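J.: Take a look at the following structure, please.
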Amino acid sequence: MRMHRKSHLDERLSNCVNLTVADVSEKNMKAAATLRNLLDFRGIFGNGNAVHLEIGCGKGRFACELALRHPEINFVAVEKISNVLIEACESAESAGIKNLHFLNCAAEVLPRYIPEGSVDRIYLNFSNPLPKLGYVKQRLTHPRFLEIYKKLLKSGGTIVQKTDDGDFYRFSLESFSSCGFNIVERCEDVAALGDADNIVTEHEQRFMDMGKNIYRIVCEVR
């Protein structure tokens, strides 16, 4: 079902001071990724703290909670669907969160905005598993995306992925390994760990209510 455009969306987006909206004048993703409009993290956050990046933040529950728990870390939450992202931005502003910035773009064009070697950690929370074979290259843990993430991460930087899809979990493990990442953790039932630091996302709660296992992978750049 197609999502209805939210009322006054453009105006609401323009009023969000913690948002960078991608330039959509270049429609070709490959060409857009070669351009540079790099974010100045020190200028945005007013400090040189570590930067963590969430790709596909949805309505922002995870990013907002994580930023509140860790004021010593700067967070950038990425979402390509403006209709969804506006809720995350407005939630962060309402809560007065200062260490969270939003970026409205697709993962393919992250090199245009995120400086190389500037990110300490990337979160991939419940990305679309896209099970049909014809969409394999669109999965956010496909090697073509992992090579992008490797350039954005610092040496020793980490990726944390959570999913409810066992096939996607196994695909991701293979992709991480084939791209030279070191698998630090693999878990097939996050809830069973009783991890107090785990932030339950909107999708995660829904999947757990359905009785699904939550899978987690933590890997690092070698």
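Residue numbering restarts at 1 in every chain; chains get A, B, ... in the order shown in the structure tokens, and ligands count up from 1 in that same order.
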Which neighbours of Arg216 (chain A) fall inside 10 Å, counting only C-alpha atoms, when residues of the same chain fewer than 2 positions from it are skipped, and could you give them as a PyMOL selection string?
T.: chain A and resi 124-126+160-164+169+185-190+213-214+218
J.: With all heavy atoms kept, could you save the residues just selected as a short mmCIF file (atom, residue, chain, number, x, y, z; two decimals), in the first residue's frame?
T.:
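This is the output file selection38.cif:
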```cif
data_model
loop_
_atom_site.label_atom_id
_atom_site.label_comp_id
_atom_site.auth_asym_id
_atom_site.auth_seq_id
_atom_site.Cartn_x
_atom_site.Cartn_y
_atom_site.Cartn_z
N LEU A 124 22.65 -1.22 11.44
CA LEU A 124 21.70 -1.64 10.41
C LEU A 124 20.58 -2.39 11.12
O LEU A 124 20.71 -3.58 11.43
CB LEU A 124 22.38 -2.55 9.38
CG LEU A 124 23.55 -1.95 8.59
CD1 LEU A 124 24.26 -3.05 7.80
CD2 LEU A 124 23.07 -0.85 7.64
N ASN A 125 19.50 -1.70 11.42
CA ASN A 125 18.41 -2.29 12.18
C ASN A 125 17.24 -2.68 11.29
O ASN A 125 16.57 -1.83 10.72
CB ASN A 125 17.92 -1.31 13.26
CG ASN A 125 18.93 -1.11 14.35
OD1 ASN A 125 19.52 -2.06 14.86
ND2 ASN A 125 19.16 0.14 14.74
N PHE A 126 17.03 -3.97 11.14
CA PHE A 126 15.87 -4.51 10.43
C PHE A 126 15.70 -3.93 9.04
O PHE A 126 14.62 -3.50 8.63
CB PHE A 126 14.61 -4.32 11.29
CG PHE A 126 14.74 -5.00 12.62
CD1 PHE A 126 15.18 -4.29 13.73
CD2 PHE A 126 14.50 -6.35 12.75
CE1 PHE A 126 15.36 -4.93 14.95
CE2 PHE A 126 14.68 -7.00 13.96
CZ PHE A 126 15.11 -6.29 15.06
N VAL A 160 26.92 -3.08 13.46
CA VAL A 160 25.99 -3.88 14.25
C VAL A 160 24.71 -4.04 13.45
O VAL A 160 24.06 -3.05 13.11
CB VAL A 160 25.68 -3.22 15.61
CG1 VAL A 160 24.73 -4.10 16.42
CG2 VAL A 160 26.96 -2.97 16.40
N GLN A 161 24.37 -5.28 13.14
CA GLN A 161 23.16 -5.54 12.36
C GLN A 161 22.19 -6.37 13.19
O GLN A 161 22.58 -7.33 13.86
CB GLN A 161 23.49 -6.32 11.08
CG GLN A 161 22.24 -6.60 10.23
CD GLN A 161 22.44 -7.74 9.24
OE1 GLN A 161 23.40 -8.49 9.34
NE2 GLN A 161 21.53 -7.86 8.30
N LYS A 162 20.90 -6.01 13.12
CA LYS A 162 19.84 -6.84 13.71
C LYS A 162 18.79 -7.11 12.63
O LYS A 162 18.48 -6.24 11.82
CB LYS A 162 19.19 -6.14 14.91
CG LYS A 162 20.06 -6.11 16.15
CD LYS A 162 19.26 -5.82 17.42
CE LYS A 162 18.75 -4.41 17.46
NZ LYS A 162 18.08 -4.10 18.75
N THR A 163 18.26 -8.32 12.65
CA THR A 163 17.22 -8.72 11.70
C THR A 163 16.38 -9.82 12.30
O THR A 163 16.83 -10.55 13.20
CB THR A 163 17.84 -9.18 10.36
OG1 THR A 163 16.78 -9.56 9.46
CG2 THR A 163 18.76 -10.38 10.56
N ASP A 164 15.17 -9.96 11.80
CA ASP A 164 14.30 -11.07 12.23
C ASP A 164 14.32 -12.19 11.20
O ASP A 164 13.68 -13.22 11.39
CB ASP A 164 12.86 -10.58 12.38
CG ASP A 164 12.25 -10.20 11.03
OD1 ASP A 164 12.81 -9.31 10.36
OD2 ASP A 164 11.25 -10.83 10.61
N TYR A 169 20.12 -13.05 7.74
CA TYR A 169 21.21 -13.16 8.72
C TYR A 169 22.35 -13.99 8.14
O TYR A 169 23.52 -13.57 8.19
CB TYR A 169 20.64 -13.81 9.98
CG TYR A 169 21.65 -14.36 10.97
CD1 TYR A 169 22.39 -13.52 11.80
CD2 TYR A 169 21.83 -15.73 11.10
CE1 TYR A 169 23.29 -14.03 12.72
CE2 TYR A 169 22.72 -16.25 12.02
CZ TYR A 169 23.45 -15.40 12.83
OH TYR A 169 24.34 -15.93 13.74
N GLU A 185 30.70 -10.97 16.90
CA GLU A 185 29.57 -11.62 17.59
C GLU A 185 28.54 -12.08 16.57
O GLU A 185 28.27 -11.39 15.59
CB GLU A 185 28.90 -10.65 18.57
CG GLU A 185 27.64 -11.20 19.23
CD GLU A 185 26.78 -10.13 19.88
OE1 GLU A 185 27.35 -9.18 20.46
OE2 GLU A 185 25.54 -10.24 19.79
N ARG A 186 27.98 -13.25 16.82
CA ARG A 186 26.82 -13.71 16.06
C ARG A 186 25.83 -14.30 17.07
O ARG A 186 26.19 -15.12 17.90
CB ARG A 186 27.21 -14.73 14.99
CG ARG A 186 27.85 -16.00 15.50
CD ARG A 186 28.22 -16.94 14.38
NE ARG A 186 29.44 -16.52 13.71
CZ ARG A 186 29.89 -17.09 12.59
NH1 ARG A 186 29.22 -18.07 12.02
NH2 ARG A 186 31.01 -16.67 12.05
N CYS A 187 24.60 -13.85 17.01
CA CYS A 187 23.59 -14.28 17.98
C CYS A 187 22.29 -14.55 17.23
O CYS A 187 21.87 -13.75 16.40
CB CYS A 187 23.38 -13.20 19.04
SG CYS A 187 22.05 -13.56 20.21
N GLU A 188 21.64 -15.66 17.55
CA GLU A 188 20.40 -16.03 16.87
C GLU A 188 19.17 -15.85 17.74
O GLU A 188 18.07 -16.23 17.33
CB GLU A 188 20.51 -17.47 16.35
CG GLU A 188 21.65 -17.63 15.34
CD GLU A 188 21.67 -18.98 14.65
OE1 GLU A 188 20.77 -19.80 14.90
OE2 GLU A 188 22.60 -19.20 13.84
N ASP A 189 19.34 -15.28 18.93
CA ASP A 189 18.20 -15.00 19.80
C ASP A 189 18.60 -13.90 20.79
O ASP A 189 18.99 -14.18 21.92
CB ASP A 189 17.75 -16.26 20.55
CG ASP A 189 16.45 -16.06 21.32
OD1 ASP A 189 15.90 -14.93 21.28
OD2 ASP A 189 15.98 -17.02 21.95
N VAL A 190 18.51 -12.66 20.34
CA VAL A 190 18.95 -11.53 21.16
C VAL A 190 18.19 -11.45 22.47
O VAL A 190 18.77 -11.16 23.52
CB VAL A 190 18.80 -10.21 20.37
CG1 VAL A 190 19.07 -9.00 21.26
CG2 VAL A 190 19.76 -10.19 19.18
N ASN A 213 12.52 -14.97 16.37
CA ASN A 213 13.85 -14.72 16.93
C ASN A 213 14.45 -13.46 16.31
O ASN A 213 14.21 -13.16 15.15
CB ASN A 213 14.79 -15.90 16.65
CG ASN A 213 14.57 -17.04 17.60
OD1 ASN A 213 13.56 -17.10 18.30
ND2 ASN A 213 15.52 -17.96 17.64
N ILE A 214 15.25 -12.77 17.10
CA ILE A 214 15.98 -11.61 16.61
C ILE A 214 17.45 -11.99 16.51
O ILE A 214 18.06 -12.45 17.48
CB ILE A 214 15.82 -10.40 17.55
CG1 ILE A 214 14.33 -10.07 17.74
CG2 ILE A 214 16.58 -9.20 16.99
CD1 ILE A 214 13.57 -9.75 16.47
N VAL A 218 27.75 -8.56 14.99
CA VAL A 218 28.67 -7.46 15.23
C VAL A 218 29.98 -7.81 14.52
O VAL A 218 30.52 -8.89 14.72
CB VAL A 218 28.95 -7.22 16.72
CG1 VAL A 218 29.91 -6.04 16.91
CG2 VAL A 218 27.64 -6.98 17.48
#
```
J.: Using backbone DSSP assignments, extract all strand (DSSP E) residues from region 41-167 of chain A; output them as an NGL selection string.
T.: :A and (51-55 or 74-78 or 100-104 or 119-125 or 153-163)
J.: Excluding same-chain residues fewer than 3 positions from Lys154 (chain A), what lies within 10 Å of it counting only C-alpha atoms, as a PyMOL selection string?
T.: chain A and resi 116-121+149-151+157-158+220-221
J.: Of the residues A:Glu11, A:Ile86, A:Ala22, A:Asn198, which is the one nearest to Lys59 (chain A), using only C-alpha atoms?
T.: A:Ile86
J.: As a VMD selection string, which residues of region 11-89 of chain A does DSSP assign to helix (DSSP H, G or I)?
T.: chain A and resid 11 to 14 29 to 34 41 to 45 61 to 69 82 to 89
J.: Excluding Ala67 (chain A) and its own-chain neighbours fewer than 4 positions away, which residues fall within 12 Å of it when counting only C-alpha atoms? Please give them as a ChimeraX atom specification.
T.: /A:51-54,60-63,71-77,92,95-101,199
J.: May I have the selected residues written with N, CA, C and O atoms, as a compact mmCIF listing (two decimals), in the first residue's frame?
T.:
```txt
# COMPACT_ATOMS: atom_id res chain seq x y z
N VAL A 51 31.56 9.44 16.17
CA VAL A 51 30.34 9.51 15.37
C VAL A 51 29.83 8.09 15.09
O VAL A 51 30.58 7.24 14.62
N HIS A 52 28.55 7.85 15.39
CA HIS A 52 27.89 6.60 15.07
C HIS A 52 26.79 6.88 14.04
O HIS A 52 26.11 7.91 14.13
N LEU A 53 26.63 5.97 13.11
CA LEU A 53 25.71 6.17 11.98
C LEU A 53 24.68 5.05 11.95
O LEU A 53 25.02 3.87 12.00
N GLU A 54 23.40 5.41 11.90
CA GLU A 54 22.35 4.41 11.69
C GLU A 54 21.80 4.58 10.28
O GLU A 54 21.37 5.67 9.91
N GLY A 60 12.79 6.73 14.03
CA GLY A 60 13.80 7.27 14.93
C GLY A 60 13.79 6.81 16.37
O GLY A 60 14.54 7.35 17.19
N ARG A 61 13.01 5.81 16.69
CA ARG A 61 12.95 5.36 18.09
C ARG A 61 14.32 4.92 18.59
O ARG A 61 14.75 5.31 19.69
N PHE A 62 15.01 4.13 17.80
CA PHE A 62 16.33 3.63 18.20
C PHE A 62 17.34 4.77 18.32
O PHE A 62 18.04 4.90 19.33
N ALA A 63 17.41 5.61 17.30
CA ALA A 63 18.39 6.70 17.28
C ALA A 63 18.17 7.66 18.43
O ALA A 63 19.14 8.10 19.09
N PRO A 71 25.19 10.73 25.59
CA PRO A 71 25.44 12.12 25.18
C PRO A 71 26.89 12.37 24.77
O PRO A 71 27.19 13.40 24.15
N GLU A 72 27.78 11.43 25.09
CA GLU A 72 29.20 11.59 24.74
C GLU A 72 29.50 11.13 23.31
O GLU A 72 30.65 11.22 22.86
N ILE A 73 28.48 10.66 22.61
CA ILE A 73 28.64 10.19 21.23
C ILE A 73 27.74 11.02 20.32
O ILE A 73 26.61 11.38 20.69
N ASN A 74 28.22 11.34 19.12
CA ASN A 74 27.41 12.03 18.12
C ASN A 74 26.78 10.99 17.19
O ASN A 74 27.47 10.07 16.73
N PHE A 75 25.50 11.15 16.91
CA PHE A 75 24.78 10.19 16.08
C PHE A 75 24.24 10.85 14.82
O PHE A 75 23.72 11.98 14.86
N VAL A 76 24.36 10.14 13.70
CA VAL A 76 23.76 10.56 12.44
C VAL A 76 22.82 9.44 12.00
O VAL A 76 23.25 8.29 11.84
N ALA A 77 21.55 9.75 11.84
CA ALA A 77 20.55 8.76 11.46
C ALA A 77 20.10 9.03 10.03
O ALA A 77 19.70 10.16 9.70
N ALA A 92 13.04 14.01 17.89
CA ALA A 92 14.33 14.43 18.46
C ALA A 92 14.28 15.89 18.92
O ALA A 92 14.79 16.23 19.99
N ALA A 95 12.26 16.23 22.11
CA ALA A 95 12.98 15.73 23.28
C ALA A 95 14.22 16.55 23.60
O ALA A 95 14.90 16.28 24.60
N GLY A 96 14.54 17.53 22.76
CA GLY A 96 15.69 18.38 23.00
C GLY A 96 17.02 17.67 22.85
O GLY A 96 18.01 18.02 23.51
N ILE A 97 17.08 16.69 21.96
CA ILE A 97 18.31 15.91 21.76
C ILE A 97 19.27 16.70 20.89
O ILE A 97 18.95 17.07 19.76
N LYS A 98 20.46 16.95 21.40
CA LYS A 98 21.44 17.80 20.71
C LYS A 98 22.51 17.00 19.97
O LYS A 98 23.18 17.56 19.09
N ASN A 99 22.69 15.75 20.31
CA ASN A 99 23.77 14.95 19.71
C ASN A 99 23.26 14.00 18.63
O ASN A 99 23.82 12.92 18.42
N LEU A 100 22.19 14.40 17.94
CA LEU A 100 21.61 13.58 16.88
C LEU A 100 21.28 14.45 15.68
O LEU A 100 20.58 15.46 15.79
N HIS A 101 21.81 14.06 14.53
CA HIS A 101 21.56 14.76 13.27
C HIS A 101 20.95 13.75 12.30
O HIS A 101 21.24 12.55 12.37
N ILE A 199 18.51 -1.84 22.67
CA ILE A 199 17.37 -0.95 22.48
C ILE A 199 16.40 -1.61 21.51
O ILE A 199 16.78 -1.92 20.37
```
J.: For the atom pair CA of Ala31 (chain A) and CA of Ile159 (chain A), what is the interatomic distance in Å to one decimal place?
T.: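 Value for the CA of Ala31 (chain A)-CA of Ile159 (chain A) distance: 25.8 Å.
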J.: Residues within 8 Å of Thr20 (chain A), please, as a list in words. Count only C-alpha atoms; anything in the same chain fewer than 3 positions from it doesn't count.
T.: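 The residues satisfying every condition are His101, Phe102, Leu103 and Asn104 of chain A.
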J.: Could the residues in this selection be written to a file with N, CA and C atoms, as a short mmCIF file (atom, residue, chain, number, x, y, z; two decimals), in the first residue's frame?
T.:
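The file below, result.cif, is the result:
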```
data_model
loop_
_atom_site.label_atom_id
_atom_site.label_comp_id
_atom_site.auth_asym_id
_atom_site.auth_seq_id
_atom_site.Cartn_x
_atom_site.Cartn_y
_atom_site.Cartn_z
N HIS A 101 21.81 14.06 14.53
CA HIS A 101 21.56 14.76 13.27
C HIS A 101 20.95 13.75 12.30
N PHE A 102 20.14 14.23 11.38
CA PHE A 102 19.48 13.35 10.41
C PHE A 102 19.94 13.69 8.99
N LEU A 103 19.99 12.64 8.19
CA LEU A 103 20.38 12.79 6.79
C LEU A 103 19.35 12.08 5.92
N ASN A 104 18.73 12.83 5.03
CA ASN A 104 17.66 12.32 4.18
C ASN A 104 18.24 11.91 2.82
#
```
J.: Calculated over only C-alpha atoms, which of the candidates A:Gly156, A:Gly56, A:Gly194, A:Gly46 has the smallest distance to Ala106 (chain A)?
T.: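 Between A:Gly156, A:Gly56, A:Gly194, A:Gly46, the residue approaching Ala106 (chain A) most closely is A:Gly56.
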J.: Closest to Asn182 (chain A) among A:Thr34, A:Cys219, A:Gly166, A:Asp209, using only C-alpha atoms?
T.: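 The closest residue to Asn182 (chain A) is A:Cys219.
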J.: Using only C-alpha atoms, find each residue of region 147-183 of chain A with at least one atom at most 10 Å away from an atom of region 138-143 of chain A; report its shortest atom-to-atom pair and that distance in Å (one decimal), sort the rows by chain and rising residue number, and return the result as a tab-separated table.
T.:
```
residue	atom	partner	partner_atom	distance
A:Glu147	CA	A:Pro143	CA	6.0
A:Ile148	CA	A:Pro143	CA	8.6
A:Tyr149	CA	A:Thr141	CA	9.6
A:Gln161	CA	A:Thr141	CA	9.0
A:Phe168	CA	A:Arg139	CA	8.7
A:Tyr169	CA	A:Thr141	CA	9.5
A:Phe171	CA	A:Thr141	CA	8.0
A:Ser172	CA	A:Thr141	CA	5.6
A:Leu173	CA	A:Thr141	CA	8.9
A:Glu174	CA	A:His142	CA	9.5
A:Ser175	CA	A:Pro143	CA	5.9
A:Phe176	CA	A:Thr141	CA	7.6
A:Ser177	CA	A:Pro143	CA	9.8
A:Ser178	CA	A:Pro143	CA	8.0
A:Cys179	CA	A:Pro143	CA	6.5
```
J.: Would you write out those residues with N, CA, C and O atoms, as a short mmCIF file (atom, residue, chain, number, x, y, z; two decimals), in the first residue's frame?
T.:
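After the write, out.cif holds the following:
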```cif
data_model
loop_
_atom_site.label_atom_id
_atom_site.label_comp_id
_atom_site.auth_asym_id
_atom_site.auth_seq_id
_atom_site.Cartn_x
_atom_site.Cartn_y
_atom_site.Cartn_z
N GLU A 147 31.33 -2.32 0.85
CA GLU A 147 32.53 -1.60 0.41
C GLU A 147 32.39 -0.10 0.66
O GLU A 147 33.38 0.59 0.94
N ILE A 148 31.16 0.42 0.59
CA ILE A 148 30.91 1.82 0.93
C ILE A 148 31.15 2.03 2.42
O ILE A 148 31.84 2.97 2.83
N TYR A 149 30.58 1.15 3.24
CA TYR A 149 30.71 1.29 4.69
C TYR A 149 32.17 1.23 5.13
O TYR A 149 32.59 1.96 6.03
N GLN A 161 24.37 -5.28 13.14
CA GLN A 161 23.16 -5.54 12.36
C GLN A 161 22.19 -6.37 13.19
O GLN A 161 22.58 -7.33 13.86
N PHE A 168 18.36 -13.80 5.74
CA PHE A 168 19.10 -12.54 5.60
C PHE A 168 20.30 -12.52 6.54
O PHE A 168 21.38 -12.04 6.20
N TYR A 169 20.12 -13.05 7.74
CA TYR A 169 21.21 -13.16 8.72
C TYR A 169 22.35 -13.99 8.14
O TYR A 169 23.52 -13.57 8.19
N PHE A 171 22.92 -14.70 4.95
CA PHE A 171 23.46 -13.97 3.80
C PHE A 171 24.44 -12.90 4.27
O PHE A 171 25.52 -12.73 3.69
N SER A 172 24.07 -12.18 5.33
CA SER A 172 24.91 -11.10 5.84
C SER A 172 26.22 -11.64 6.40
O SER A 172 27.29 -11.06 6.17
N LEU A 173 26.16 -12.75 7.13
CA LEU A 173 27.38 -13.36 7.66
C LEU A 173 28.36 -13.67 6.53
O LEU A 173 29.56 -13.39 6.62
N GLU A 174 27.84 -14.23 5.46
CA GLU A 174 28.68 -14.58 4.31
C GLU A 174 29.25 -13.31 3.65
O GLU A 174 30.43 -13.27 3.28
N SER A 175 28.40 -12.28 3.54
CA SER A 175 28.85 -11.03 2.91
C SER A 175 29.94 -10.36 3.73
O SER A 175 30.96 -9.91 3.19
N PHE A 176 29.73 -10.28 5.03
CA PHE A 176 30.74 -9.66 5.91
C PHE A 176 32.08 -10.38 5.79
O PHE A 176 33.13 -9.75 5.67
N SER A 177 32.02 -11.69 5.83
CA SER A 177 33.25 -12.48 5.76
C SER A 177 33.95 -12.32 4.42
O SER A 177 35.18 -12.15 4.36
N SER A 178 33.17 -12.35 3.34
CA SER A 178 33.76 -12.25 2.01
C SER A 178 34.37 -10.88 1.75
O SER A 178 35.27 -10.74 0.92
N CYS A 179 33.89 -9.85 2.48
CA CYS A 179 34.41 -8.49 2.30
C CYS A 179 35.50 -8.15 3.31
O CYS A 179 35.91 -6.98 3.41
#
```
J.: Quick one: distance from CA of Met208 (chain A) to CA of Val184 (chain A) in Å, one decimal?
T.: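 CA of Val184 (chain A) lies 24.0 Å from CA of Met208 (chain A).
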J.: Could you list, as a list of chain:residue names, every residue within 12 Å of Val21 (chain A), counting only C-alpha atoms and ignoring same-chain residues fewer than 6 positions away?
T.: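 Near Val21 (chain A), the qualifying residues are A:Asp10, A:Leu13, A:Ser14, A:Asn15, A:Asn37, A:Leu39, A:Val78, A:Glu79, A:Lys80, A:Ile81, A:Ser82, A:Leu85, A:Ile86, A:Cys89, A:His101, A:Phe102, A:Leu103, A:Asn104, A:Cys105, A:Ala106, A:Tyr113.
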